[in-house]
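Dropping upload.csv in here (CSV, C-alpha atoms):
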chain,number,residue,atom,x,y,z
A,1156,MET,CA,81.8,-11.8,-155.3
A,1157,GLY,CA,81.2,-15.5,-155.8
A,1158,ILE,CA,83.3,-18.3,-154.4
A,1159,ASN,CA,84.9,-20.7,-156.9
A,1160,ILE,CA,84.0,-24.0,-155.2
A,1161,GLU,CA,85.8,-26.1,-157.8
A,1162,LYS,CA,89.1,-24.2,-157.1
A,1163,HIS,CA,88.9,-25.2,-153.4
A,1164,LEU,CA,87.3,-28.7,-153.6
A,1165,THR,CA,90.1,-30.3,-155.6
A,1166,PRO,CA,90.1,-34.1,-156.0
A,1167,PRO,CA,92.9,-34.6,-153.4
A,1168,LEU,CA,90.9,-32.6,-150.9
A,1169,LEU,CA,87.8,-34.5,-151.6
A,1170,LEU,CA,89.7,-37.8,-151.1
A,1171,VAL,CA,91.0,-36.5,-147.7
A,1172,ILE,CA,87.5,-35.5,-146.6
A,1173,PHE,CA,86.1,-38.8,-147.7
A,1174,LEU,CA,88.7,-40.8,-145.8
A,1175,LEU,CA,88.4,-38.6,-142.7
A,1176,ILE,CA,84.6,-39.2,-142.6
A,1177,VAL,CA,85.0,-43.0,-143.1
A,1178,SER,CA,87.7,-43.1,-140.4
A,1179,LEU,CA,85.5,-41.2,-138.0
A,1180,ILE,CA,82.6,-43.7,-138.7
A,1181,PHE,CA,85.0,-46.6,-137.8
A,1182,MET,CA,86.3,-44.8,-134.7
A,1183,PHE,CA,82.9,-43.7,-133.4
A,1184,PRO,CA,82.2,-46.7,-131.2
A,1185,VAL,CA,85.4,-46.1,-129.3
A,1186,LEU,CA,85.8,-42.4,-129.8
A,1187,ASN,CA,84.9,-41.6,-126.2
A,1188,MET,CA,87.8,-43.7,-125.0
A,1189,VAL,CA,90.2,-42.1,-127.5
A,1190,VAL,CA,89.1,-38.6,-126.4
A,1191,LEU,CA,89.3,-39.6,-122.7
A,1192,GLY,CA,92.8,-41.1,-123.4
A,1193,ALA,CA,94.0,-37.8,-125.0
A,1194,ILE,CA,92.7,-35.9,-122.0
A,1195,LEU,CA,94.2,-38.2,-119.4
A,1196,ALA,CA,97.5,-38.2,-121.2
A,1197,TYR,CA,97.8,-34.5,-120.4
A,1198,GLY,CA,97.7,-35.5,-116.7
A,1199,VAL,CA,100.0,-38.5,-117.2
A,1200,ARG,CA,102.8,-36.7,-119.0
A,1201,PRO,CA,104.0,-34.5,-116.1
A,1202,VAL,CA,104.2,-37.6,-113.8
A,1203,ALA,CA,106.0,-39.5,-116.6
A,1204,ARG,CA,108.6,-36.7,-117.0
A,1205,ASN,CA,109.3,-36.8,-113.3
A,1206,ILE,CA,109.8,-40.6,-113.4
A,1207,GLN,CA,111.9,-40.3,-116.6
A,1208,SER,CA,114.3,-37.9,-114.9
A,1209,LYS,CA,115.3,-40.9,-112.7
A,1210,LEU,CA,114.8,-43.9,-115.0
A,1211,LYS,CA,115.8,-42.4,-118.4
A,1212,TYR,CA,113.4,-44.7,-120.2
A,1213,ASN,CA,110.5,-42.9,-121.8
A,1214,SER,CA,108.1,-45.9,-122.4
A,1215,ILE,CA,108.7,-47.4,-119.0
A,1216,SER,CA,108.2,-44.0,-117.3
A,1217,ILE,CA,104.9,-43.5,-119.2
A,1218,ILE,CA,103.6,-47.0,-118.1
A,1219,LEU,CA,104.5,-46.4,-114.5
A,1220,ALA,CA,102.8,-43.0,-114.7
A,1221,MET,CA,99.7,-44.6,-116.1
A,1222,ILE,CA,99.7,-47.1,-113.3
A,1223,ILE,CA,99.9,-44.3,-110.8
A,1224,VAL,CA,97.2,-42.2,-112.4
A,1225,LEU,CA,94.8,-44.7,-114.1
A,1226,ILE,CA,94.8,-47.7,-111.9
A,1227,PRO,CA,93.3,-45.9,-108.8
A,1228,LEU,CA,90.7,-44.4,-111.1
A,1229,ILE,CA,89.6,-47.8,-112.4
A,1230,ILE,CA,89.6,-49.3,-108.9
A,1231,LEU,CA,87.4,-46.4,-107.8
A,1232,PHE,CA,84.8,-47.1,-110.4
A,1233,ALA,CA,84.9,-50.8,-109.6
A,1234,TYR,CA,84.5,-50.1,-105.9
A,1235,ILE,CA,81.5,-47.9,-106.6
A,1236,ALA,CA,79.8,-50.5,-108.7
A,1237,ILE,CA,80.5,-53.3,-106.1
A,1238,GLU,CA,79.3,-51.2,-103.2
A,1239,LEU,CA,76.2,-50.1,-105.1
A,1240,VAL,CA,75.2,-53.7,-105.9
A,1241,GLY,CA,75.6,-54.6,-102.2
A,1242,LEU,CA,73.8,-51.6,-100.9
A,1243,VAL,CA,70.9,-51.9,-103.3
A,1244,SER,CA,70.6,-55.7,-102.6
A,1245,LEU,CA,70.5,-54.9,-98.9
A,1246,ILE,CA,67.7,-52.3,-99.4
A,1247,LEU,CA,65.7,-54.7,-101.6
A,1248,ALA,CA,66.1,-57.5,-99.1
A,1249,SER,CA,65.2,-55.4,-96.0
A,1250,ASN,CA,61.8,-54.6,-94.7
A,1251,THR,CA,61.6,-51.2,-96.3
A,1252,TYR,CA,57.9,-50.8,-95.6
A,1253,ALA,CA,58.3,-51.2,-91.9
A,1254,ASP,CA,61.3,-48.8,-91.8
A,1255,VAL,CA,59.5,-46.1,-93.8
A,1256,SER,CA,56.3,-46.5,-91.8
A,1257,SER,CA,58.1,-46.1,-88.5
A,1258,SER,CA,60.0,-43.0,-89.8
A,1259,ILE,CA,56.8,-41.3,-90.9
A,1260,THR,CA,55.1,-42.1,-87.6
A,1261,ALA,CA,58.1,-40.5,-85.8
A,1262,ILE,CA,57.8,-37.4,-88.0
A,1263,THR,CA,54.0,-37.1,-87.3
A,1264,THR,CA,54.8,-37.3,-83.6
A,1265,TYR,CA,56.8,-34.1,-83.7
A,1266,ILE,CA,54.9,-32.4,-86.6
A,1267,PRO,CA,51.2,-33.1,-86.5
A,1268,LEU,CA,50.1,-33.9,-90.0
A,1269,ASN,CA,46.8,-35.2,-91.4
A,1270,LEU,CA,48.3,-38.1,-93.4
A,1271,ASP,CA,47.4,-41.7,-94.1
A,1272,VAL,CA,50.6,-43.2,-92.8
A,1273,HIS,CA,50.1,-46.7,-94.2
A,1274,SER,CA,49.2,-45.6,-97.8
A,1275,LEU,CA,52.1,-43.0,-97.8
A,1276,SER,CA,54.5,-45.6,-96.5
A,1277,ALA,CA,53.5,-48.2,-99.1
A,1278,SER,CA,53.9,-45.6,-101.9
A,1279,ILE,CA,57.3,-44.5,-100.7
A,1280,SER,CA,58.4,-48.1,-100.2
A,1281,SER,CA,57.2,-49.1,-103.7
A,1282,SER,CA,59.2,-46.2,-105.2
A,1283,ILE,CA,62.3,-47.2,-103.3
A,1284,GLN,CA,62.0,-50.7,-104.5
A,1285,GLU,CA,61.5,-49.6,-108.1
A,1286,ILE,CA,64.5,-47.3,-108.0
A,1287,GLY,CA,66.7,-49.9,-106.3
A,1288,GLY,CA,65.6,-52.5,-108.8
A,1289,TYR,CA,66.4,-50.2,-111.7
A,1290,ILE,CA,69.9,-49.4,-110.3
A,1291,LEU,CA,70.6,-53.1,-109.7
A,1292,ASN,CA,69.5,-54.1,-113.2
A,1293,TYR,CA,71.6,-51.3,-114.7
A,1294,LEU,CA,74.7,-52.4,-112.7
A,1295,VAL,CA,74.2,-56.1,-113.6
A,1296,LYS,CA,73.8,-55.2,-117.2
A,1297,PHE,CA,76.9,-53.0,-117.0
A,1298,LEU,CA,78.9,-55.8,-115.4
A,1299,SER,CA,77.6,-58.4,-117.9
A,1300,SER,CA,79.1,-56.6,-120.8
A,1301,LEU,CA,82.6,-57.5,-119.5
A,1302,MET,CA,84.1,-58.0,-122.9
A,1303,ASN,CA,83.1,-54.5,-124.1
A,1304,ILE,CA,84.5,-53.1,-120.8
A,1305,VAL,CA,87.8,-54.9,-121.3
A,1306,LEU,CA,88.0,-53.6,-124.9
A,1307,ASP,CA,87.3,-50.0,-123.8
A,1308,LEU,CA,89.9,-50.2,-121.1
A,1309,PHE,CA,92.5,-51.6,-123.6
A,1310,ILE,CA,91.8,-48.8,-126.0
A,1311,LEU,CA,91.9,-46.3,-123.2
A,1312,PHE,CA,95.3,-47.6,-122.0
A,1313,CYS,CA,96.7,-47.5,-125.6
A,1314,SER,CA,95.4,-44.0,-126.2
A,1315,VAL,CA,96.8,-42.7,-123.0
A,1316,PHE,CA,100.2,-44.3,-123.7
A,1317,TYR,CA,100.6,-43.1,-127.3
A,1318,PHE,CA,99.2,-39.6,-126.6
A,1319,ALA,CA,101.6,-39.3,-123.7
A,1320,ARG,CA,104.5,-40.5,-125.7
A,1321,ASP,CA,103.8,-39.0,-129.1
A,1322,GLY,CA,101.4,-36.1,-128.3
A,1323,ASP,CA,103.9,-33.5,-129.5
A,1324,LYS,CA,104.3,-35.2,-132.8
A,1325,CYS,CA,100.5,-35.4,-133.2
A,1326,LEU,CA,100.1,-31.8,-132.4
A,1327,ASN,CA,102.9,-30.8,-134.8
A,1328,PHE,CA,101.4,-32.9,-137.5
A,1329,ILE,CA,98.0,-31.1,-137.1
A,1330,MET,CA,99.7,-27.6,-136.9
A,1331,SER,CA,101.5,-28.3,-140.2
A,1332,PHE,CA,98.1,-28.0,-141.9
A,1333,VAL,CA,97.4,-24.6,-140.3
A,1334,PRO,CA,98.0,-21.5,-142.6
A,1335,ALA,CA,100.7,-19.1,-141.5
A,1336,ASP,CA,98.2,-16.3,-140.8
A,1337,SER,CA,96.3,-18.5,-138.3
A,1338,LYS,CA,99.2,-20.0,-136.4
A,1339,HIS,CA,99.0,-17.3,-133.7
A,1340,PHE,CA,95.3,-18.1,-133.1
A,1341,PHE,CA,96.0,-21.8,-132.7
A,1342,ASP,CA,99.0,-21.2,-130.5
A,1343,THR,CA,97.1,-19.0,-128.1
A,1344,THR,CA,94.1,-21.5,-128.2
A,1345,ILE,CA,96.4,-24.4,-127.2
A,1346,GLU,CA,97.6,-22.3,-124.2
A,1347,ALA,CA,94.0,-21.4,-123.3
A,1348,ILE,CA,93.0,-25.1,-123.5
A,1349,LYS,CA,95.9,-26.0,-121.2
A,1350,ASP,CA,94.7,-23.4,-118.7
A,1351,VAL,CA,91.2,-24.9,-118.8
A,1352,LEU,CA,92.5,-28.4,-118.2
A,1353,ARG,CA,94.6,-27.2,-115.3
A,1354,SER,CA,91.7,-25.3,-113.8
A,1355,ILE,CA,89.4,-28.4,-114.0
A,1356,PHE,CA,92.0,-30.8,-112.8
A,1357,TYR,CA,93.4,-28.8,-110.0
A,1358,GLY,CA,90.4,-26.6,-109.1
A,1359,HIS,CA,87.6,-29.2,-109.3
A,1360,PHE,CA,88.9,-32.8,-109.5
A,1361,LEU,CA,91.6,-32.3,-106.8
A,1362,THR,CA,89.1,-30.4,-104.6
A,1363,SER,CA,86.7,-33.3,-105.0
A,1364,VAL,CA,89.4,-35.8,-104.0
A,1365,ILE,CA,90.3,-33.7,-100.9
A,1366,ILE,CA,86.7,-33.3,-99.8
A,1367,GLY,CA,86.0,-37.0,-100.4
A,1368,ILE,CA,88.9,-38.1,-98.2
A,1369,PHE,CA,87.8,-35.8,-95.4
A,1370,ALA,CA,84.2,-37.0,-95.7
A,1371,ALA,CA,85.2,-40.7,-95.7
A,1372,ILE,CA,87.3,-40.3,-92.6
A,1373,GLY,CA,84.7,-38.2,-90.9
A,1374,TYR,CA,81.8,-40.6,-91.7
A,1375,THR,CA,83.8,-43.6,-90.6
A,1376,VAL,CA,84.9,-42.0,-87.3
A,1377,LEU,CA,81.2,-41.1,-86.6
A,1378,GLY,CA,80.3,-44.8,-87.0
A,1379,TYR,CA,78.2,-44.7,-90.2
A,1380,PRO,CA,78.1,-48.0,-92.2
A,1381,TYR,CA,79.6,-47.6,-95.7
A,1382,GLY,CA,81.6,-44.6,-94.4
A,1383,VAL,CA,84.2,-44.9,-97.2
A,1384,PHE,CA,81.5,-45.3,-99.8
A,1385,LEU,CA,79.6,-42.2,-98.5
A,1386,GLY,CA,82.9,-40.3,-98.7
A,1387,VAL,CA,83.4,-41.4,-102.4
A,1388,ILE,CA,79.8,-40.3,-103.2
A,1389,THR,CA,80.4,-37.0,-101.4
A,1390,GLY,CA,83.5,-36.5,-103.5
A,1391,ILE,CA,81.6,-37.2,-106.7
A,1392,LEU,CA,78.8,-34.8,-105.7
A,1393,GLN,CA,81.5,-32.2,-105.0
A,1394,LEU,CA,82.3,-32.2,-108.7
A,1395,ILE,CA,78.8,-31.1,-109.6
A,1396,PRO,CA,78.2,-27.4,-109.1
A,1397,VAL,CA,75.2,-26.5,-106.8
A,1398,PHE,CA,75.3,-30.0,-105.2
A,1399,GLY,CA,78.5,-30.3,-103.2
A,1400,PRO,CA,78.6,-32.4,-100.1
A,1401,TRP,CA,75.3,-31.2,-98.5
A,1402,PRO,CA,72.9,-33.9,-99.8
A,1403,ILE,CA,74.8,-36.6,-98.0
A,1404,TYR,CA,75.3,-35.0,-94.6
A,1405,TRP,CA,71.7,-33.6,-94.6
A,1406,ILE,CA,70.3,-37.1,-95.3
A,1407,LEU,CA,72.5,-38.6,-92.5
A,1408,PHE,CA,71.3,-35.8,-90.2
A,1409,PHE,CA,67.6,-36.6,-90.8
A,1410,ILE,CA,68.3,-40.3,-90.4
A,1411,ASP,CA,69.9,-39.7,-87.0
A,1412,VAL,CA,67.1,-37.4,-86.0
A,1413,LEU,CA,64.4,-40.0,-86.9
A,1414,SER,CA,66.4,-42.8,-85.1
A,1415,GLY,CA,66.8,-40.6,-82.0
A,1416,ASN,CA,70.6,-40.3,-82.2
A,1417,TYR,CA,70.5,-36.5,-81.6
A,1418,PRO,CA,74.2,-36.0,-80.6
A,1419,ARG,CA,75.5,-37.6,-83.8
A,1420,ALA,CA,72.9,-35.7,-85.8
A,1421,ILE,CA,74.3,-32.4,-84.5
A,1422,VAL,CA,77.9,-33.6,-85.0
A,1423,VAL,CA,77.3,-34.7,-88.6
A,1424,LEU,CA,75.6,-31.4,-89.4
A,1425,LEU,CA,78.5,-29.4,-88.1
A,1426,PHE,CA,80.9,-31.7,-90.0
A,1427,GLY,CA,79.0,-31.1,-93.2
A,1428,PHE,CA,79.2,-27.3,-92.7
A,1429,PHE,CA,82.9,-27.8,-92.2
A,1430,LEU,CA,83.2,-29.7,-95.6
A,1431,SER,CA,81.2,-26.9,-97.3
A,1432,THR,CA,83.5,-24.2,-95.7
A,1433,VAL,CA,86.6,-26.1,-96.7
A,1434,ASP,CA,85.4,-26.2,-100.3
A,1435,MET,CA,84.9,-22.4,-100.3
A,1436,TYR,CA,88.7,-22.0,-99.5
A,1437,ILE,CA,90.3,-24.9,-101.4
A,1438,ARG,CA,88.6,-24.5,-104.8
A,1439,PRO,CA,89.4,-20.8,-105.4
A,1440,ALA,CA,93.0,-21.3,-104.1
A,1441,LEU,CA,93.6,-24.2,-106.5
A,1442,SER,CA,91.9,-22.8,-109.6
A,1443,SER,CA,92.4,-19.0,-109.3
A,1444,HIS,CA,95.8,-19.3,-111.1
A,1445,TYR,CA,94.2,-20.8,-114.2
A,1446,ALA,CA,91.1,-20.3,-116.3
A,1447,ASP,CA,87.9,-19.2,-114.6
A,1448,ILE,CA,85.2,-21.7,-115.8
A,1449,HIS,CA,81.6,-20.7,-115.3
A,1450,PRO,CA,79.7,-23.1,-113.0
A,1451,LEU,CA,76.9,-23.6,-115.6
A,1452,ILE,CA,79.4,-25.0,-118.1
A,1453,LEU,CA,80.6,-27.6,-115.6
A,1454,LEU,CA,77.0,-28.4,-114.4
A,1455,ILE,CA,75.9,-29.1,-118.0
A,1456,GLY,CA,79.0,-31.1,-118.6
A,1457,PHE,CA,78.6,-33.3,-115.5
A,1458,LEU,CA,74.9,-33.9,-116.0
A,1459,SER,CA,74.8,-34.4,-119.8
A,1460,GLY,CA,78.2,-36.2,-120.1
A,1461,PRO,CA,77.0,-39.5,-118.7
A,1462,LEU,CA,73.9,-39.4,-121.0
A,1463,VAL,CA,76.2,-39.3,-124.1
A,1464,TYR,CA,79.4,-41.2,-123.0
A,1465,GLY,CA,78.2,-43.3,-120.1
A,1466,ILE,CA,80.0,-43.3,-116.8
A,1467,VAL,CA,83.2,-41.8,-118.4
A,1468,GLY,CA,81.0,-38.8,-119.3
A,1469,PHE,CA,81.5,-37.5,-115.8
A,1470,ILE,CA,85.1,-36.7,-116.8
A,1471,VAL,CA,84.7,-36.2,-120.6
A,1472,GLY,CA,81.6,-34.0,-120.5
A,1473,PRO,CA,82.9,-31.0,-118.5
A,1474,LEU,CA,86.3,-31.2,-120.1
A,1475,ILE,CA,85.0,-31.0,-123.6
A,1476,LEU,CA,82.6,-28.1,-122.8
A,1477,GLY,CA,85.5,-26.4,-120.9
A,1478,ILE,CA,87.7,-26.7,-124.0
A,1479,THR,CA,85.0,-25.5,-126.3
A,1480,TYR,CA,84.5,-22.5,-124.1
A,1481,ALA,CA,88.3,-21.8,-124.2
A,1482,VAL,CA,88.3,-22.0,-128.0
A,1483,LEU,CA,85.3,-19.7,-128.4
A,1484,ASP,CA,86.7,-17.2,-125.9
A,1485,ASN,CA,90.1,-17.1,-127.7
A,1486,TYR,CA,88.3,-16.7,-131.1
A,1487,ARG,CA,86.4,-13.8,-129.7
A,1488,LYS,CA,89.5,-12.1,-128.5
A,1489,GLU,CA,91.4,-12.8,-131.7
A,1490,PHE,CA,89.0,-12.1,-134.5
A,1491,ILE,CA,86.2,-9.8,-133.1
A,1492,PRO,CA,87.5,-6.2,-133.2
A,1493,GLY,CA,87.3,-4.2,-129.9
A,1494,ASP,CA,86.1,-7.2,-127.9
A,1495,GLU,CA,88.6,-7.9,-125.2

Encoded form (structure tokens):
Amino acid sequence: MGINIEKHLTPPLLLVIFLLIVSLIFMFPVLNMVVLGAILAYGVRPVARNIQSKLKYNSISIILAMIIVLIPLIILFAYIAIELVGLVSLILASNTYADVSSSITAITTYIPLNLDVHSLSASISSSIQEIGGYILNYLVKFLSSLMNIVLDLFILFCSVFYFARDGDKCLNFIMSFVPADSKHFFDTTIEAIKDVLRSIFYGHFLTSVIIGIFAAIGYTVLGYPYGVFLGVITGILQLIPVFGPWPIYWILFFIDVLSGNYPRAIVVLLFGFFLSTVDMYIRPALSSHYADIHPLILLIGFLSGPLVYGIVGFIVGPLILGITYAVLDNYRKEFIPGDE
């Protein structure tokens, strides 16, 4: 039985499709900020409602909630950029070759290896210099596009504000186009998406914040330079499945061993094991009440997100893939017979 295309593709529908495509083309340069704004608005609304119960002014409550939620996030990104610039500049200005050569010599003292220490040291130092130069150039280029950053932040703030204030109206407008026989699917899909967002926010982002705070305090107390920065990086790595906090504390352990600071090396290793153990208890406790997201979905989202959306991809990537998983899973339950 053939499908009457002319019956469905009416002139009004063709006009709607055309305008949607043109609008999407215009929005594409800032689409990542609009999407991120819609996602962050979901986290801002509960805070705004709590504030509104005391102030009674919706717009002011949303602005205060945005300041509470977004300003620390922006300050965090700025802090990471500033610290990376300073750290990379210090590495490029230091005598990397001598440091690497002495470290390799110390290693060969304990582990006899038939290596050309000078050529290996030169090769490693050259690689470190190239990586540091690449990171520094990227950060300088990132900071040089200040006008684009300001525009993105302005669009982000506006998106969060209006989605937080009028999100229900937007959702009702979209649902008005849904046929009656599909409303149940979309209603259950929206609830599944909310569960995914809660799972990622509470089970992963909040766990990362807790681990990062513990790490920053621990590294600072142990006397490491850039202790707070190391804690921030530990928290970011905590977001990525398979990684977690172990790369940081193992690197610090080997640095202390090579420098002869054996007591601190043992302490930082034990502290790292403590961080990994805390994660095993905190993450399931926070996310078990919501959707169970497979680690591979989050891993792909965290690694591929920045390639598509830049630095905001660390947030947008896993959230979009998690939402896509929720929609597909709900479609499977709704429309595939016998598949529960």

CA of Ser1337 in chain A and CA of Leu1179 in chain A, how far apart in Å?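 Computing it gives 25.1 Å between the two atoms.
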
Å distance separating CA of Glu1238 in chain A from CA of Val1364 in chain A, one decimal place: 18.4 Å

When you count only C-alpha atoms, which of these residues is closest to Tyr1197 in chain A: A:Phe1183, A:Tyr1381, A:Phe1318, A:Tyr1464?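 Looking only at the distances to Tyr1197 in chain A, the closest residue turns out to be A:Phe1318.
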
What does the structure give for the distance between CA of Ile1372 in chain A and CA of Val1423 in chain A, in Å to one decimal?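 According to the coordinates, CA of Ile1372 in chain A and CA of Val1423 in chain A are separated by 12.1 Å.
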
Ranking A:Tyr1379, A:Phe1173, A:Phe1369, A:Phe1469 by minimum distance to Ser1431 in chain A and counting all atoms listed in the file, which one comes first? A:Phe1369

Residues within 12 Å of Pro1402 in chain A, please, as JSON, numbers by chain. Count only C-alpha atoms; anything in the same chain fewer than 3 positions from it doesn't count. {"A": [1385, 1386, 1388, 1389, 1390, 1391, 1392, 1393, 1395, 1397, 1398, 1399, 1405, 1406, 1407, 1408, 1409, 1424, 1427, 1428, 1430, 1431]}

Please provide as a PyMOL selection string all residues within 10 Å of range 1446-1457 of chain A, with the sequence filter that same-chain residues fewer than 6 positions apart are discarded (counting all atoms listed in the file). chain A and resi 1347-1355+1358-1359+1392+1394-1398+1439+1468-1481

Counting only C-alpha atoms, the option among A:Ile1237, A:Val1315, A:Leu1168, A:Ile1226 closest to Ser1214 in chain A: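 Smallest distance to Ser1214 in chain A is found for A:Val1315.
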
Among the residues A:Val1383, A:Val1305, A:Leu1462, A:Ile1222, the one that comes closest to Ile1235 in chain A [using all atoms listed in the file]: A:Val1383
